[in-house]
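Here the structure is laid out as structure tokens; the discussion comes afterwards.
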Amino acid sequence: AGYEVIDNLGFSSVEEGVEAALGAMADIIVVCRRDAEYALVVPEVAQRVGKRAIVVVAGAPACMEELKQKGITEFIHLRSNVFETLNHFNGKLDI
């Protein structure tokens, strides 16, 4: 799809991860954590990122509805349609 993927081995804090992503000029930030951590970590990531990038949850955690109520609406997981998902993000990025 023409995306440059920047991978890492994790960060010691949300602040460190967000700073690295924004420093790399990421348009999309995918948060990958254990399901039990998503409810705490993702809202903090979203708050720190603001409108500077799209925050995506990697997975379909049990707290998905809770995250949606907090304005986090982007999820990618095994049941995601790859074509539709890429098309959706391309549209948001105006590609």
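Following the order of the structure tokens, first chain is A, next is B, and so on, with residues numbered from 1 inside each chain and ligands from 1 in the order they appear.
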From a DSSP calculation on the backbone, collect every residue of chain A in strand (DSSP E or B) and output the set as a PyMOL selection string. chain A and resi 28-31+54-58+75-76
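In this comparison, which uses only C-alpha atoms, the residue of A:Ala39, A:Val82, A:Val18, A:Ala53 approaching Glu65 (chain A) most closely is A:Ala39.
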Skipping near chain neighbours, those fewer than 3 positions away, what residues fall within 12 Å of Asp7 (chain A) using only C-alpha atoms, listed as a count of residues only? 12
So how far away is CA of Asn87 (chain A) from CA of Glu19 (chain A), in Å? 27.0 Å
